[in-house]
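*Asks:* Just dropping this structure here.
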Amino acid sequence: MRVDKFLKISRIIKRRTIANEACDAGRVSINGKVVKAGANVKVGDILEIKFGNNTTKIQVLSLNESVKKEDASSMYKSL
């Protein structure tokens, strides 16, 4: 699954266009490597997202094409 799509479906970032812009600006990294929006994310990957001065680190637990709002947080674990 593309990293921008994962960020949107898991509701870490509200809209896919915003997730795409964050990736293109170099604010998203997978396993320590800065990636573009089209990079593939796999179960077990560690994502690091920079929001201003804050950095969020998460581990991918599952890849679902669609999830309910209540179940979105089950797709990742905060580190």
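The chains in the structure tokens are called A, B, ... from first to last as shown; in each chain the residues are counted from 1, and the ligands are counted from 1 in the order shown.
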Residues within 8 Å of stretch 14-21 of chain A, please, as a list of chain:residue names. Count only C-alpha atoms; anything in the same chain fewer than 3 positions from it doesn't count.

*Replies:*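 So the residues in contact are A:Asp4, A:Lys5, A:Leu7, A:Lys8, A:Arg11, A:Asp24, A:Ala25, A:Lys36, A:Ala37.
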
*Asks:* Go ahead and dump the residues you just picked, all heavy atoms, as an mmCIF file, in the first residue's frame.

*Replies:*
```cif
data_model
loop_
_atom_site.group_PDB
_atom_site.id
_atom_site.type_symbol
_atom_site.label_atom_id
_atom_site.label_comp_id
_atom_site.auth_asym_id
_atom_site.auth_seq_id
_atom_site.Cartn_x
_atom_site.Cartn_y
_atom_site.Cartn_z
ATOM 1 N N ASP A 4 1.030 7.365 1.431
ATOM 2 C CA ASP A 4 0.038 8.436 1.570
ATOM 3 C C ASP A 4 -1.363 7.866 1.772
ATOM 4 O O ASP A 4 -2.152 8.385 2.553
ATOM 5 C CB ASP A 4 0.074 9.404 0.385
ATOM 6 C CG ASP A 4 -0.206 8.753 -0.956
ATOM 7 O OD1 ASP A 4 -0.039 7.523 -1.088
ATOM 8 O OD2 ASP A 4 -0.590 9.482 -1.894
ATOM 9 N N LYS A 5 -1.667 6.760 1.109
ATOM 10 C CA LYS A 5 -2.965 6.105 1.280
ATOM 11 C C LYS A 5 -3.098 5.513 2.688
ATOM 12 O O LYS A 5 -4.148 5.605 3.312
ATOM 13 C CB LYS A 5 -3.151 5.018 0.224
ATOM 14 C CG LYS A 5 -4.521 4.405 0.219
ATOM 15 C CD LYS A 5 -4.693 3.461 -0.944
ATOM 16 C CE LYS A 5 -6.092 2.877 -0.953
ATOM 17 N NZ LYS A 5 -6.286 1.938 -2.050
ATOM 18 N N LEU A 7 -1.632 6.606 5.435
ATOM 19 C CA LEU A 7 -1.802 7.700 6.391
ATOM 20 C C LEU A 7 -3.235 8.204 6.394
ATOM 21 O O LEU A 7 -3.777 8.570 7.430
ATOM 22 C CB LEU A 7 -0.832 8.837 6.064
ATOM 23 C CG LEU A 7 0.643 8.531 6.311
ATOM 24 C CD1 LEU A 7 1.512 9.647 5.764
ATOM 25 C CD2 LEU A 7 0.921 8.290 7.782
ATOM 26 N N LYS A 8 -3.878 8.215 5.233
ATOM 27 C CA LYS A 8 -5.259 8.672 5.140
ATOM 28 C C LYS A 8 -6.227 7.633 5.702
ATOM 29 O O LYS A 8 -7.102 7.948 6.505
ATOM 30 C CB LYS A 8 -5.608 8.982 3.688
ATOM 31 C CG LYS A 8 -6.940 9.687 3.542
ATOM 32 C CD LYS A 8 -7.920 8.782 2.846
ATOM 33 C CE LYS A 8 -9.204 9.518 2.590
ATOM 34 N NZ LYS A 8 -10.332 8.894 3.239
ATOM 35 N N ARG A 11 -6.218 7.312 9.317
ATOM 36 C CA ARG A 11 -6.649 8.596 9.877
ATOM 37 C C ARG A 11 -5.570 9.281 10.725
ATOM 38 O O ARG A 11 -5.872 10.007 11.658
ATOM 39 C CB ARG A 11 -7.950 8.424 10.666
ATOM 40 C CG ARG A 11 -9.131 8.146 9.753
ATOM 41 C CD ARG A 11 -10.411 7.904 10.527
ATOM 42 N NE ARG A 11 -11.586 7.864 9.682
ATOM 43 C CZ ARG A 11 -11.935 6.837 8.918
ATOM 44 N NH1 ARG A 11 -11.162 5.774 8.854
ATOM 45 N NH2 ARG A 11 -13.028 6.867 8.194
ATOM 46 N N ASP A 24 6.048 14.568 0.065
ATOM 47 C CA ASP A 24 6.878 15.281 -0.910
ATOM 48 C C ASP A 24 7.771 16.334 -0.258
ATOM 49 O O ASP A 24 8.819 16.684 -0.801
ATOM 50 C CB ASP A 24 6.000 15.921 -1.986
ATOM 51 C CG ASP A 24 5.351 14.873 -2.892
ATOM 52 O OD1 ASP A 24 5.835 13.720 -2.915
ATOM 53 O OD2 ASP A 24 4.360 15.209 -3.572
ATOM 54 N N ALA A 25 7.363 16.836 0.904
ATOM 55 C CA ALA A 25 8.171 17.818 1.624
ATOM 56 C C ALA A 25 9.263 17.160 2.462
ATOM 57 O O ALA A 25 10.044 17.840 3.117
ATOM 58 C CB ALA A 25 7.275 18.674 2.520
ATOM 59 N N LYS A 36 8.962 9.269 -0.654
ATOM 60 C CA LYS A 36 7.938 10.009 -1.388
ATOM 61 C C LYS A 36 6.591 9.334 -1.159
ATOM 62 O O LYS A 36 6.504 8.240 -0.606
ATOM 63 C CB LYS A 36 8.268 10.033 -2.886
ATOM 64 C CG LYS A 36 9.549 10.760 -3.214
ATOM 65 C CD LYS A 36 9.376 12.245 -3.002
ATOM 66 C CE LYS A 36 10.642 12.990 -3.415
ATOM 67 N NZ LYS A 36 10.590 14.386 -3.078
ATOM 68 N N ALA A 37 5.526 9.944 -1.642
ATOM 69 C CA ALA A 37 4.162 9.464 -1.406
ATOM 70 C C ALA A 37 3.901 8.092 -2.007
ATOM 71 O O ALA A 37 3.083 7.333 -1.499
ATOM 72 C CB ALA A 37 3.157 10.467 -1.954
#
```

*Asks:* Can you tell me, as a PyMOL selection string, which residues in chain A count as helix (DSSP H, G or I) by DSSP?

*Replies:* chain A and resi 3-9+16-24+69-75

*Asks:* May I have the residues within 12 Å of A:Asn64 as a list in words, using only C-alpha atoms and disregarding those fewer than 2 positions away in the same chain?

*Replies:*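 Using only C-alpha atoms, the neighbours found are Met1, Arg2, Lys5, Phe6, Leu7, Lys8, Ile9, Ser10, Val41, Lys42, Val43, Val60, Leu61, Ser62, Ser66, Val67, Lys68, Asp71, Ala72, Ser73, Ser74, Met75 and Tyr76 of chain A.
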
*Asks:* Write the residues of the selection above to a file with N, CA, C and O atoms, as a compact mmCIF listing (two decimals), in the first residue's frame.

*Replies:*
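Result saved to out27.txt:
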```txt
# COMPACT_ATOMS: atom_id res chain seq x y z
N MET A 1 0.85 -1.18 0.00
CA MET A 1 0.00 0.00 0.00
C MET A 1 0.89 1.24 0.00
O MET A 1 1.93 1.26 0.67
N ARG A 2 0.47 2.24 -0.73
CA ARG A 2 1.21 3.51 -0.75
C ARG A 2 1.17 4.17 0.62
O ARG A 2 0.18 4.07 1.33
N LYS A 5 -1.67 6.76 1.11
CA LYS A 5 -2.97 6.11 1.28
C LYS A 5 -3.10 5.51 2.69
O LYS A 5 -4.15 5.60 3.31
N PHE A 6 -2.02 4.91 3.20
CA PHE A 6 -2.04 4.37 4.55
C PHE A 6 -2.30 5.46 5.58
O PHE A 6 -3.10 5.28 6.50
N LEU A 7 -1.63 6.61 5.43
CA LEU A 7 -1.80 7.70 6.39
C LEU A 7 -3.24 8.20 6.39
O LEU A 7 -3.78 8.57 7.43
N LYS A 8 -3.88 8.22 5.23
CA LYS A 8 -5.26 8.67 5.14
C LYS A 8 -6.23 7.63 5.70
O LYS A 8 -7.10 7.95 6.50
N ILE A 9 -6.08 6.37 5.30
CA ILE A 9 -7.01 5.33 5.75
C ILE A 9 -6.91 5.11 7.26
O ILE A 9 -7.91 4.91 7.93
N SER A 10 -5.69 5.18 7.80
CA SER A 10 -5.52 5.01 9.25
C SER A 10 -5.87 6.27 10.03
O SER A 10 -5.83 6.27 11.25
N VAL A 41 4.43 0.69 1.88
CA VAL A 41 4.54 0.44 3.31
C VAL A 41 4.08 -1.00 3.56
O VAL A 41 3.16 -1.49 2.91
N LYS A 42 4.80 -1.70 4.45
CA LYS A 42 4.49 -3.10 4.76
C LYS A 42 4.22 -3.24 6.25
O LYS A 42 4.59 -2.38 7.04
N VAL A 43 3.58 -4.33 6.62
CA VAL A 43 3.32 -4.61 8.04
C VAL A 43 4.67 -4.75 8.75
O VAL A 43 5.58 -5.41 8.25
N VAL A 60 3.42 -0.07 11.80
CA VAL A 60 2.29 -0.55 11.01
C VAL A 60 1.93 -1.96 11.49
O VAL A 60 2.78 -2.85 11.51
N LEU A 61 0.66 -2.15 11.88
CA LEU A 61 0.19 -3.45 12.35
C LEU A 61 -0.63 -4.18 11.29
O LEU A 61 -0.60 -5.40 11.23
N SER A 62 -1.38 -3.44 10.47
CA SER A 62 -2.18 -4.08 9.42
C SER A 62 -2.41 -3.11 8.28
O SER A 62 -2.34 -1.90 8.45
N SER A 66 -10.09 -0.50 3.55
CA SER A 66 -11.07 0.41 4.15
C SER A 66 -11.37 -0.07 5.57
O SER A 66 -11.45 -1.26 5.83
N VAL A 67 -11.48 0.89 6.47
CA VAL A 67 -11.80 0.58 7.86
C VAL A 67 -12.79 1.60 8.39
O VAL A 67 -12.87 2.72 7.88
N LYS A 68 -13.53 1.20 9.41
CA LYS A 68 -14.43 2.14 10.07
C LYS A 68 -13.61 3.10 10.92
O LYS A 68 -12.48 2.80 11.31
N ASP A 71 -12.18 1.70 14.08
CA ASP A 71 -11.16 0.67 13.94
C ASP A 71 -9.86 1.18 13.32
O ASP A 71 -8.90 0.41 13.21
N ALA A 72 -9.82 2.43 12.93
CA ALA A 72 -8.64 2.96 12.23
C ALA A 72 -7.39 2.90 13.10
O ALA A 72 -6.30 2.63 12.60
N SER A 73 -7.52 3.13 14.40
CA SER A 73 -6.34 3.12 15.26
C SER A 73 -5.75 1.73 15.47
O SER A 73 -4.64 1.60 15.94
N SER A 74 -6.49 0.69 15.07
CA SER A 74 -5.96 -0.68 15.20
C SER A 74 -4.97 -1.01 14.08
O SER A 74 -4.35 -2.05 14.12
N MET A 75 -4.83 -0.12 13.12
CA MET A 75 -3.91 -0.35 12.00
C MET A 75 -2.46 -0.03 12.37
O MET A 75 -1.54 -0.41 11.66
N TYR A 76 -2.25 0.68 13.48
CA TYR A 76 -0.90 1.08 13.88
C TYR A 76 -0.78 1.12 15.39
O TYR A 76 -1.76 1.10 16.12
```

*Asks:* Any idea what's packed within 8 Å of A:Asp45, counting only C-alpha atoms, ignoring anything in its chain fewer than 6 positions away? Could you give it as a ChimeraX atom specification?

*Replies:* /A:30-31,59-60

*Asks:* Any chance you can output those residues with N, CA and C atoms as a short mmCIF file (atom, residue, chain, number, x, y, z; two decimals), in the first residue's frame?

*Replies:*
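Saved to result-v6.cif:
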```
data_model
loop_
_atom_site.label_atom_id
_atom_site.label_comp_id
_atom_site.auth_asym_id
_atom_site.auth_seq_id
_atom_site.Cartn_x
_atom_site.Cartn_y
_atom_site.Cartn_z
N ILE A 30 10.22 6.02 6.37
CA ILE A 30 9.92 4.63 6.67
C ILE A 30 11.23 3.95 7.04
N ASN A 31 11.29 3.39 8.23
CA ASN A 31 12.49 2.71 8.73
C ASN A 31 13.74 3.59 8.61
N GLN A 59 4.23 2.13 14.38
CA GLN A 59 4.55 0.85 13.74
C GLN A 59 3.29 0.36 13.06
N VAL A 60 3.42 -0.07 11.80
CA VAL A 60 2.29 -0.55 11.01
C VAL A 60 1.93 -1.96 11.49
#
```

*Asks:* Please indicate the distance in Å from atom CA of A:Thr56 to atom CA of A:Lys69, rounded to one decimal place.

*Replies:* 19.9 Å
